[in-house]
>>> print(open('query_5.cif').read())   # mmCIF, C-alpha atoms and all ligand atoms
data_upload
#
loop_
_atom_site.label_atom_id
_atom_site.label_comp_id
_atom_site.auth_asym_id
_atom_site.auth_seq_id
_atom_site.Cartn_x
_atom_site.Cartn_y
_atom_site.Cartn_z
CA MET A 1 17.33 -2.39 -22.92
CA SER A 2 16.88 1.18 -24.07
CA ASP A 3 18.05 0.47 -27.61
CA ILE A 4 15.14 -1.86 -28.32
CA ASP A 5 12.40 -0.79 -30.72
CA TRP A 6 9.26 -1.67 -28.78
CA GLY A 7 7.26 -1.45 -31.99
CA GLN A 8 8.73 -4.78 -33.15
CA GLY A 9 6.81 -7.99 -32.66
CA THR A 10 3.59 -8.00 -30.66
CA TYR A 11 3.77 -5.81 -27.58
CA GLU A 12 -0.04 -5.73 -27.38
CA THR A 13 -0.31 -8.99 -25.36
CA THR A 14 1.92 -7.62 -22.61
CA ALA A 15 0.08 -4.29 -22.71
CA ALA A 16 -3.12 -6.21 -21.88
CA ASP A 17 -1.34 -7.92 -18.96
CA LEU A 18 -0.23 -4.53 -17.60
CA ARG A 19 -3.66 -2.88 -17.81
CA PRO A 20 -4.64 -3.59 -14.16
CA ALA A 21 -1.45 -1.81 -13.05
CA ALA A 22 -2.30 1.11 -15.34
CA ARG A 23 -5.70 1.32 -13.63
CA GLU A 24 -4.03 1.38 -10.18
CA LEU A 25 -1.60 4.09 -11.33
CA VAL A 26 -4.36 6.32 -12.72
CA LYS A 27 -6.51 5.78 -9.61
CA ALA A 28 -3.62 6.72 -7.31
CA ALA A 29 -2.96 9.92 -9.30
CA ARG A 30 -6.40 11.39 -8.36
CA ILE A 31 -6.60 13.17 -11.69
CA GLN A 32 -8.85 16.23 -11.80
CA PRO A 33 -10.78 17.23 -14.95
CA GLY A 34 -8.74 19.65 -17.04
CA GLU A 35 -5.37 18.62 -15.63
CA HIS A 36 -2.54 18.09 -18.11
CA VAL A 37 -1.38 14.49 -17.76
CA LEU A 38 1.81 13.16 -19.34
CA ASP A 39 2.18 9.41 -19.98
CA VAL A 40 5.89 8.55 -20.35
CA GLY A 41 6.73 5.40 -22.34
CA ALA A 42 3.05 5.13 -23.19
CA GLY A 43 3.29 1.89 -25.24
CA THR A 44 -0.16 1.28 -26.71
CA GLY A 45 -1.64 3.95 -24.44
CA ASN A 46 -2.88 1.99 -21.41
CA VAL A 47 -2.50 4.94 -19.03
CA ALA A 48 -3.07 7.78 -21.49
CA LEU A 49 -6.45 6.42 -22.60
CA LEU A 50 -7.65 5.88 -19.02
CA ALA A 51 -6.62 9.44 -18.10
CA THR A 52 -8.72 10.91 -20.93
CA GLU A 53 -11.78 9.21 -19.45
CA LEU A 54 -11.31 11.37 -16.33
CA GLY A 55 -11.46 14.59 -18.33
CA ALA A 56 -7.71 15.18 -18.43
CA ARG A 57 -5.82 16.72 -21.33
CA VAL A 58 -3.28 14.03 -22.09
CA THR A 59 0.09 13.91 -23.83
CA ALA A 60 1.59 10.47 -24.53
CA VAL A 61 5.36 10.31 -25.08
CA GLU A 62 6.51 7.13 -26.82
CA PRO A 63 9.77 6.47 -28.70
CA ALA A 64 8.45 3.55 -30.81
CA ALA A 65 6.84 4.80 -34.04
CA ARG A 66 4.49 1.82 -34.51
CA LEU A 67 3.16 2.13 -30.96
CA ARG A 68 2.56 5.87 -31.44
CA GLU A 69 0.38 4.92 -34.41
CA VAL A 70 -1.52 2.38 -32.30
CA ILE A 71 -2.25 5.03 -29.64
CA ALA A 72 -3.34 7.62 -32.19
CA GLU A 73 -5.69 5.14 -33.88
CA THR A 74 -7.28 4.10 -30.57
CA ALA A 75 -7.51 7.67 -29.31
CA GLY A 76 -9.85 8.83 -32.07
CA ALA A 77 -11.34 12.18 -31.02
CA ARG A 78 -10.16 12.00 -27.37
CA ASP A 79 -8.10 14.89 -25.95
CA LEU A 80 -4.86 12.95 -26.44
CA THR A 81 -1.73 14.16 -28.21
CA VAL A 82 0.90 11.57 -29.12
CA VAL A 83 4.51 12.72 -29.42
CA ASP A 84 7.88 11.18 -30.22
CA GLY A 85 10.35 11.42 -27.35
CA THR A 86 11.96 9.68 -24.42
CA ALA A 87 11.86 10.22 -20.67
CA ALA A 88 14.98 12.40 -20.97
CA ASP A 89 13.79 14.31 -24.03
CA ILE A 90 10.17 15.42 -23.85
CA PRO A 91 8.95 17.95 -26.43
CA LEU A 92 6.93 20.04 -23.97
CA PRO A 93 7.58 23.49 -22.45
CA ASP A 94 8.88 23.99 -18.90
CA GLY A 95 6.24 23.84 -16.16
CA SER A 96 3.41 22.65 -18.41
CA VAL A 97 2.33 19.33 -16.82
CA ASP A 98 0.25 18.63 -13.67
CA VAL A 99 0.74 14.86 -13.47
CA VAL A 100 3.44 12.62 -14.92
CA LEU A 101 2.54 8.93 -15.11
CA SER A 102 4.73 6.05 -16.25
CA ASN A 103 3.56 2.44 -16.20
CA PHE A 104 6.75 0.34 -16.45
CA GLY A 105 8.07 2.93 -18.95
CA ILE A 106 10.58 5.30 -17.36
CA ILE A 107 12.32 2.26 -15.85
CA PHE A 108 13.86 1.72 -19.32
CA ALA A 109 15.48 5.16 -19.40
CA PRO A 110 19.25 4.65 -19.91
CA ASP A 111 20.09 7.74 -17.84
CA PRO A 112 17.73 7.88 -14.82
CA ALA A 113 19.12 11.20 -13.55
CA ALA A 114 18.53 12.86 -16.92
CA ALA A 115 15.01 11.42 -17.02
CA ALA A 116 14.20 12.69 -13.51
CA ALA A 117 15.51 16.15 -14.39
CA GLU A 118 13.37 16.21 -17.53
CA LEU A 119 10.20 15.17 -15.65
CA ALA A 120 10.93 17.89 -13.10
CA ARG A 121 11.43 20.44 -15.90
CA VAL A 122 8.10 19.77 -17.65
CA GLY A 123 6.21 19.55 -14.33
CA LYS A 124 4.46 22.56 -12.81
CA PRO A 125 5.83 23.71 -9.41
CA ALA A 126 3.18 21.58 -7.62
CA SER A 127 3.30 18.61 -9.99
CA ARG A 128 3.30 14.93 -9.06
CA ILE A 129 5.00 11.93 -10.66
CA LEU A 130 3.68 8.38 -10.30
CA LEU A 131 5.44 5.33 -11.69
CA THR A 132 5.37 1.55 -11.49
CA SER A 133 8.34 -0.80 -11.39
CA TRP A 134 8.70 -4.57 -10.94
CA LEU A 135 9.88 -5.77 -7.54
CA PRO A 136 12.57 -8.48 -7.56
CA GLY A 137 10.90 -11.85 -8.01
CA VAL A 138 8.81 -13.18 -10.85
CA MET A 139 9.62 -10.81 -13.73
CA GLY A 140 13.24 -10.29 -12.71
CA LYS A 141 13.82 -14.04 -12.54
CA LEU A 142 12.22 -14.75 -15.92
CA VAL A 143 13.82 -11.83 -17.77
CA GLU A 144 17.23 -12.66 -16.27
CA ILE A 145 17.18 -16.15 -17.84
CA ILE A 146 17.25 -14.42 -21.22
CA ALA A 147 19.19 -11.24 -20.35
CA GLY A 148 21.90 -13.19 -18.48
CA THR A 149 22.51 -15.44 -21.49
CA VAL A 150 22.51 -12.43 -23.84
CA ARG A 151 25.24 -10.88 -21.64
CA GLU A 152 27.26 -14.12 -21.83
CA VAL A 153 26.89 -14.28 -25.61
CA THR A 154 27.67 -10.63 -26.33
CA GLY A 155 30.16 -10.08 -23.51
CA ARG A 156 28.38 -6.79 -22.83
CA GLY A 157 26.43 -5.51 -19.84
CA ASN A 158 22.79 -4.55 -20.10
CA PRO A 159 22.44 -1.88 -22.80
CA GLY A 160 22.20 1.56 -21.26
CA GLY A 161 24.47 0.79 -18.31
CA PRO A 162 23.71 -0.17 -14.75
CA GLY A 163 20.76 2.21 -14.21
CA ILE A 164 19.16 2.28 -10.75
CA ASP A 165 16.91 -0.01 -8.73
CA TRP A 166 13.61 1.56 -9.72
CA HIS A 167 11.84 -0.63 -7.12
CA ASP A 168 13.94 0.79 -4.26
CA LEU A 169 12.31 3.70 -2.40
CA ASN A 170 15.70 5.05 -1.28
CA ALA A 171 16.97 5.08 -4.87
CA LEU A 172 13.82 6.88 -6.01
CA SER A 173 14.14 9.44 -3.20
CA ALA A 174 17.78 10.08 -4.16
CA LEU A 175 16.70 10.52 -7.78
CA PHE A 176 13.78 12.90 -7.25
CA SER A 177 14.58 14.80 -4.03
CA PRO A 178 17.15 17.11 -5.75
CA HIS A 179 14.16 18.39 -7.74
CA GLY A 180 12.06 19.04 -4.64
CA PHE A 181 9.96 15.85 -4.67
CA GLU A 182 9.07 13.67 -1.69
CA VAL A 183 8.58 10.02 -2.61
CA THR A 184 6.27 7.43 -1.04
CA ALA A 185 5.49 3.94 -2.33
CA THR A 186 3.21 0.98 -1.99
CA THR A 187 3.53 -2.66 -3.09
CA LEU A 188 0.89 -4.22 -5.33
CA GLU A 189 0.52 -7.51 -7.19
CA LEU A 190 -0.40 -8.24 -10.77
CA ALA A 191 -1.79 -11.71 -11.54
CA ILE A 192 -0.87 -13.06 -14.97
CA THR A 193 -2.36 -16.38 -16.08
CA THR A 194 -1.79 -18.43 -19.23
CA ALA A 195 -2.96 -21.89 -20.35
CA SER A 196 0.54 -23.41 -20.25
CA ALA A 197 4.24 -22.62 -19.82
CA GLU A 198 4.81 -22.97 -23.57
CA ASP A 199 1.93 -20.57 -24.19
CA TYR A 200 3.52 -18.04 -21.82
CA TRP A 201 6.92 -18.33 -23.57
CA GLU A 202 5.37 -17.96 -27.01
CA THR A 203 2.93 -15.11 -26.32
CA ARG A 204 4.86 -13.09 -23.70
CA PHE A 205 8.50 -13.57 -24.75
CA ALA A 206 8.99 -15.00 -28.28
CA ASN A 207 6.71 -12.34 -29.83
CA HIS A 208 7.59 -9.59 -27.33
CA PRO A 209 9.95 -6.82 -28.57
CA LEU A 210 12.65 -8.10 -26.18
CA GLY A 211 12.36 -11.63 -27.60
CA VAL A 212 12.19 -10.46 -31.21
CA THR A 213 15.41 -8.52 -30.60
CA THR A 214 17.37 -11.12 -28.63
CA PHE A 215 16.19 -14.58 -29.80
CA PRO A 216 17.96 -14.43 -33.23
CA LEU A 217 21.17 -13.58 -31.37
CA LEU A 218 20.71 -16.54 -28.98
CA GLN A 219 19.81 -18.79 -31.92
CA ARG A 220 23.02 -17.85 -33.80
CA ALA A 221 25.04 -18.59 -30.64
CA GLY A 222 23.34 -22.01 -30.32
CA ARG A 223 21.86 -21.06 -26.91
CA LEU A 224 18.16 -20.52 -27.66
CA ASP A 225 16.97 -24.10 -27.04
CA GLU A 226 18.76 -24.25 -23.69
CA VAL A 227 17.32 -20.87 -22.63
CA HIS A 228 13.86 -22.03 -23.70
CA GLN A 229 14.15 -25.23 -21.60
CA ARG A 230 15.43 -23.33 -18.54
CA PHE A 231 12.56 -20.86 -18.89
CA LEU A 232 9.94 -23.62 -19.05
CA GLN A 233 11.57 -25.43 -16.10
CA THR A 234 11.54 -22.25 -13.98
CA LEU A 235 7.85 -21.79 -14.69
CA ALA A 236 7.20 -25.49 -13.90
CA ASP A 237 9.16 -25.34 -10.63
CA ASN A 238 7.59 -22.14 -9.35
CA TRP A 239 4.38 -20.98 -10.95
CA THR A 240 2.58 -23.84 -12.69
CA THR A 241 -0.58 -25.47 -11.30
CA PRO A 242 -1.11 -29.27 -11.35
CA SER A 243 -3.31 -28.81 -14.45
CA GLY A 244 -0.43 -27.06 -16.26
CA GLN A 245 -1.71 -23.51 -16.07
CA VAL A 246 0.83 -20.75 -15.38
CA GLN A 247 -0.13 -18.35 -12.60
CA LEU A 248 2.32 -15.54 -11.94
CA PRO A 249 2.02 -13.38 -8.83
CA ALA A 250 4.10 -10.44 -10.13
CA GLN A 251 4.72 -7.87 -7.42
CA TYR A 252 5.44 -4.27 -8.32
CA LEU A 253 6.03 -0.93 -6.66
CA LEU A 254 3.74 2.04 -7.22
CA ALA A 255 5.74 5.15 -6.30
CA THR A 256 4.37 8.66 -5.90
CA ALA A 257 6.63 11.74 -5.96
CA VAL A 258 5.00 15.01 -4.89
CA ARG A 259 6.33 18.58 -4.64
C1 LIG A 301 6.92 -2.29 -20.72
S1 LIG A 301 6.47 -1.08 -21.92
C2 LIG A 301 5.18 -0.19 -21.04
C3 LIG A 301 4.22 0.49 -21.98
C4 LIG A 301 2.98 1.11 -21.35
N1 LIG A 301 3.30 2.11 -20.37
C5 LIG A 301 2.03 0.08 -20.80
O1 LIG A 301 1.44 0.30 -19.73
O2 LIG A 301 1.80 -0.95 -21.47
C6 LIG A 301 7.82 0.04 -21.91
C7 LIG A 301 7.62 1.24 -22.83
O3 LIG A 301 8.65 2.20 -22.56
C8 LIG A 301 9.11 2.73 -23.78
N2 LIG A 301 10.49 3.21 -23.59
C9 LIG A 301 11.65 2.55 -23.76
N3 LIG A 301 12.69 3.34 -23.50
C10 LIG A 301 12.18 4.53 -23.12
C11 LIG A 301 12.75 5.78 -22.71
N4 LIG A 301 14.07 5.94 -22.63
N5 LIG A 301 11.90 6.79 -22.40
C12 LIG A 301 10.57 6.62 -22.47
N6 LIG A 301 9.97 5.48 -22.84
C13 LIG A 301 10.77 4.45 -23.17
C14 LIG A 301 8.99 1.58 -24.76
O4 LIG A 301 9.00 2.03 -26.11
C15 LIG A 301 7.70 0.93 -24.31
O5 LIG A 301 6.59 1.46 -24.98
#
>>> encode(input="query_5.cif", output="structure tokens", more="lines below")
Ligand SMILES: C[S@@+](CC[C@H](N)C(=O)[O-])C[C@H]1O[C@@H](n2cnc3c(N)ncnc32)[C@H](O)[C@@H]1O
Amino acid sequence: MSDIDWGQGTYETTAADLRPAARELVKAARIQPGEHVLDVGAGTGNVALLATELGARVTAVEPAARLREVIAETAGARDLTVVDGTAADIPLPDGSVDVVLSNFGIIFAPDPAAAAAELARVGKPASRILLTSWLPGVMGKLVEIIAGTVREVTGRGNPGGPGIDWHDLNALSALFSPHGFEVTATTLELAITTASAEDYWETRFANHPLGVTTFPLLQRAGRLDEVHQRFLQTLADNWTTPSGQVQLPAQYLLATAVR
């Protein structure tokens, strides 16, 4: 889904959901004052802003123009530089970064090997890379209801090709070890709660950049209502309380690559 403009719609609601994971990522990075921290796929700046509070000099790389504006506005006078770029194309010199962080960002890179090489290039010889990625389960199941139907309608695979399993430690080791990194990982859980299944659909998918991009396509193909019903039914069958509240236990991997 690399060809999606994440500035469309309202990404801010999801950014708020992901903030606890951003806190875990920043905590695990053990950032020292004065270190140069790079936030890749920074979104609205969840990670970048937290890193500035620890005295780091921070660069946020984000391809979506509107989200870059959101970060810059929030940053105010903090030591935070916002730049246009992608995981595979970062406008920084070789060996200039101490810590690379990516909260569910680099996982959207269409060419993982190129992204890993670029992170290795901008990193200092003793740099570290920490990233988060969804484990199969809640998010995969919900996104697949939409993505699977989009594939049926368009006859195309996921944009950007097959990619890699970013939640698989072996895949991450294969990706980063050619650049001298050793990878370890831990599993964590993010709790997301909404008042109802319809509320979750509306606030987390219909207005999300992925929904804004794909729902018109599903609508034109006459499939949107069916996808909507399947989505609500999946929430009802798995993650809805007797009072109708949605409670998602979304597990994710926090991986650390050190060299
Ligand atoms: C799920 S959001 C995560 C945003 C943010 N890290 C957070 O914690 O909320 C994914 C972000 O990755 C960005 N992105 C998409 N493709 C990318 C790529 N190839 N390289 C870097 N970032 C990318 C999107 O623009 C979006 O801001």
>>> residues_near_point(input="query_5.cif", point="(16.9, -6.0, -30.3)", cutoff="8 Å", atoms="all atoms listed in the file", output="list in words")
Asp3, Ile4, Asp5, Pro209, Leu210, Gly211, Val212, Thr213 and Thr214 of chain A
>>> write_last_selection(input="query_5.cif", atoms="C-alpha atoms", output="compact mmCIF listing (two decimals), in the frame of the given file")
# COMPACT_ATOMS: atom_id res chain seq x y z
CA ASP A 3 18.05 0.47 -27.61
CA ILE A 4 15.14 -1.86 -28.32
CA ASP A 5 12.40 -0.79 -30.72
CA PRO A 209 9.95 -6.82 -28.57
CA LEU A 210 12.65 -8.10 -26.18
CA GLY A 211 12.36 -11.63 -27.60
CA VAL A 212 12.19 -10.46 -31.21
CA THR A 213 15.41 -8.52 -30.60
CA THR A 214 17.37 -11.12 -28.63
>>> residues_near_ligand(input="query_5.cif", ligand="ligand LIG 301 (chain A)", cutoff="7 Å", atoms="only C-alpha atoms and all ligand atoms", output="ChimeraX atom specification")
/A:2,5-6,14-15,18-19,22,40-47,61-64,67,85-88,102-106,108-110
>>> atom_distance(input="query_5.cif", atom1="CA of Val97 (chain A)", atom2="CA of His36 (chain A)")
5.2 Å
>>> atom_distance(input="query_5.cif", atom1="CA of Lys27 (chain A)", atom2="CA of Thr13 (chain A)")
22.5 Å
>>> atom_distance(input="query_5.cif", atom1="CA of Pro178 (chain A)", atom2="CA of Gly140 (chain A)")
28.5 Å
>>> closest_residue(input="query_5.cif", among="A:Leu217, A:Thr193, A:Thr234, A:Leu38", to="Glu152 (chain A)", atoms="only C-alpha atoms")
A:Leu217
>>> residues_near_point(input="query_5.cif", point="(6.9, 8.0, 2.6)", cutoff="9 Å", atoms="all atoms listed in the file", output="JSON, numbers by chain")
{"A": [169, 182, 183, 184, 185, 256]}
>>> closest_atom_pairs(input="query_5.cif", of="region 3-101 of chain A", to="region 126-139 of chain A", cutoff="6 Å", atoms="all atoms listed in the file", output="tab-separated table")
residue	atom	partner	partner_atom	distance
A:Asp98	CA	A:Ser127	CA	4.8
A:Val99	CA	A:Arg128	CA	5.1
A:Val100	CA	A:Ile129	CA	4.6
A:Leu101	CA	A:Leu130	CA	5.0
>>> write_last_selection(input="query_5.cif", atoms="C-alpha atoms", output="compact mmCIF listing (two decimals), in the frame of the given file")
# COMPACT_ATOMS: atom_id res chain seq x y z
CA ASP A 98 0.25 18.63 -13.67
CA VAL A 99 0.74 14.86 -13.47
CA VAL A 100 3.44 12.62 -14.92
CA LEU A 101 2.54 8.93 -15.11
>>> closest_residue(input="query_5.cif", among="A:Ala250, A:Ala255, A:Trp201, A:Ser96", to="Gln233 (chain A)", atoms="all atoms listed in the file")
A:Trp201
>>> closest_residue(input="query_5.cif", among="A:Val258, A:Val82, A:Ala174, A:Val70", to="Arg57 (chain A)", atoms="all atoms listed in the file")
A:Val82
>>> residues_around(input="query_5.cif", residues="Ala75 (chain A)", least_positions_apart="3", cutoff="12 Å", atoms="all atoms listed in the file", output="PDB file with C-alpha atoms, in the frame of the given file")
ATOM      1  CA  THR A  44      -0.160   1.280 -26.710  1.00  0.00           C
ATOM      2  CA  GLY A  45      -1.640   3.950 -24.440  1.00  0.00           C
ATOM      3  CA  ASN A  46      -2.880   1.990 -21.410  1.00  0.00           C
ATOM      4  CA  VAL A  47      -2.500   4.940 -19.030  1.00  0.00           C
ATOM      5  CA  ALA A  48      -3.070   7.780 -21.490  1.00  0.00           C
ATOM      6  CA  LEU A  49      -6.450   6.420 -22.600  1.00  0.00           C
ATOM      7  CA  LEU A  50      -7.650   5.880 -19.020  1.00  0.00           C
ATOM      8  CA  ALA A  51      -6.620   9.440 -18.100  1.00  0.00           C
ATOM      9  CA  THR A  52      -8.720  10.910 -20.930  1.00  0.00           C
ATOM     10  CA  GLU A  53     -11.780   9.210 -19.450  1.00  0.00           C
ATOM     11  CA  VAL A  58      -3.280  14.030 -22.090  1.00  0.00           C
ATOM     12  CA  THR A  59       0.090  13.910 -23.830  1.00  0.00           C
ATOM     13  CA  ALA A  60       1.590  10.470 -24.530  1.00  0.00           C
ATOM     14  CA  ARG A  68       2.560   5.870 -31.440  1.00  0.00           C
ATOM     15  CA  GLU A  69       0.380   4.920 -34.410  1.00  0.00           C
ATOM     16  CA  VAL A  70      -1.520   2.380 -32.300  1.00  0.00           C
ATOM     17  CA  ILE A  71      -2.250   5.030 -29.640  1.00  0.00           C
ATOM     18  CA  ALA A  72      -3.340   7.620 -32.190  1.00  0.00           C
ATOM     19  CA  ARG A  78     -10.160  12.000 -27.370  1.00  0.00           C
ATOM     20  CA  ASP A  79      -8.100  14.890 -25.950  1.00  0.00           C
ATOM     21  CA  LEU A  80      -4.860  12.950 -26.440  1.00  0.00           C
ATOM     22  CA  THR A  81      -1.730  14.160 -28.210  1.00  0.00           C
ATOM     23  CA  VAL A  82       0.900  11.570 -29.120  1.00  0.00           C
TER      24      VAL A  82
END
>>> residues_around(input="query_5.cif", residues="Gly244 (chain A)", least_positions_apart="2", cutoff="10 Å", atoms="all atoms listed in the file", output="MDAnalysis selection string")
chainID A and resid 194:198 235:236 239:242 246:247
>>> write_last_selection(input="query_5.cif", atoms="C-alpha atoms", output="tab-separated table (two decimals), in the coordinates of the input")
chain	number	residue	atom	x	y	z
A	194	THR	CA	-1.79	-18.43	-19.23
A	195	ALA	CA	-2.96	-21.89	-20.35
A	196	SER	CA	0.54	-23.41	-20.25
A	197	ALA	CA	4.24	-22.62	-19.82
A	198	GLU	CA	4.81	-22.97	-23.57
A	235	LEU	CA	7.85	-21.79	-14.69
A	236	ALA	CA	7.20	-25.49	-13.90
A	239	TRP	CA	4.38	-20.98	-10.95
A	240	THR	CA	2.58	-23.84	-12.69
A	241	THR	CA	-0.58	-25.47	-11.30
A	242	PRO	CA	-1.11	-29.27	-11.35
A	246	VAL	CA	0.83	-20.75	-15.38
A	247	GLN	CA	-0.13	-18.35	-12.60
>>> closest_residue(input="query_5.cif", among="A:Gln219, A:Thr186, A:Ser243, A:Thr74", to="His167 (chain A)", atoms="only C-alpha atoms")
A:Thr186
>>> closest_residue(input="query_5.cif", among="A:Pro249, A:Pro125, A:Arg23, A:Gly76", to="Leu190 (chain A)", atoms="only C-alpha atoms")
A:Pro249
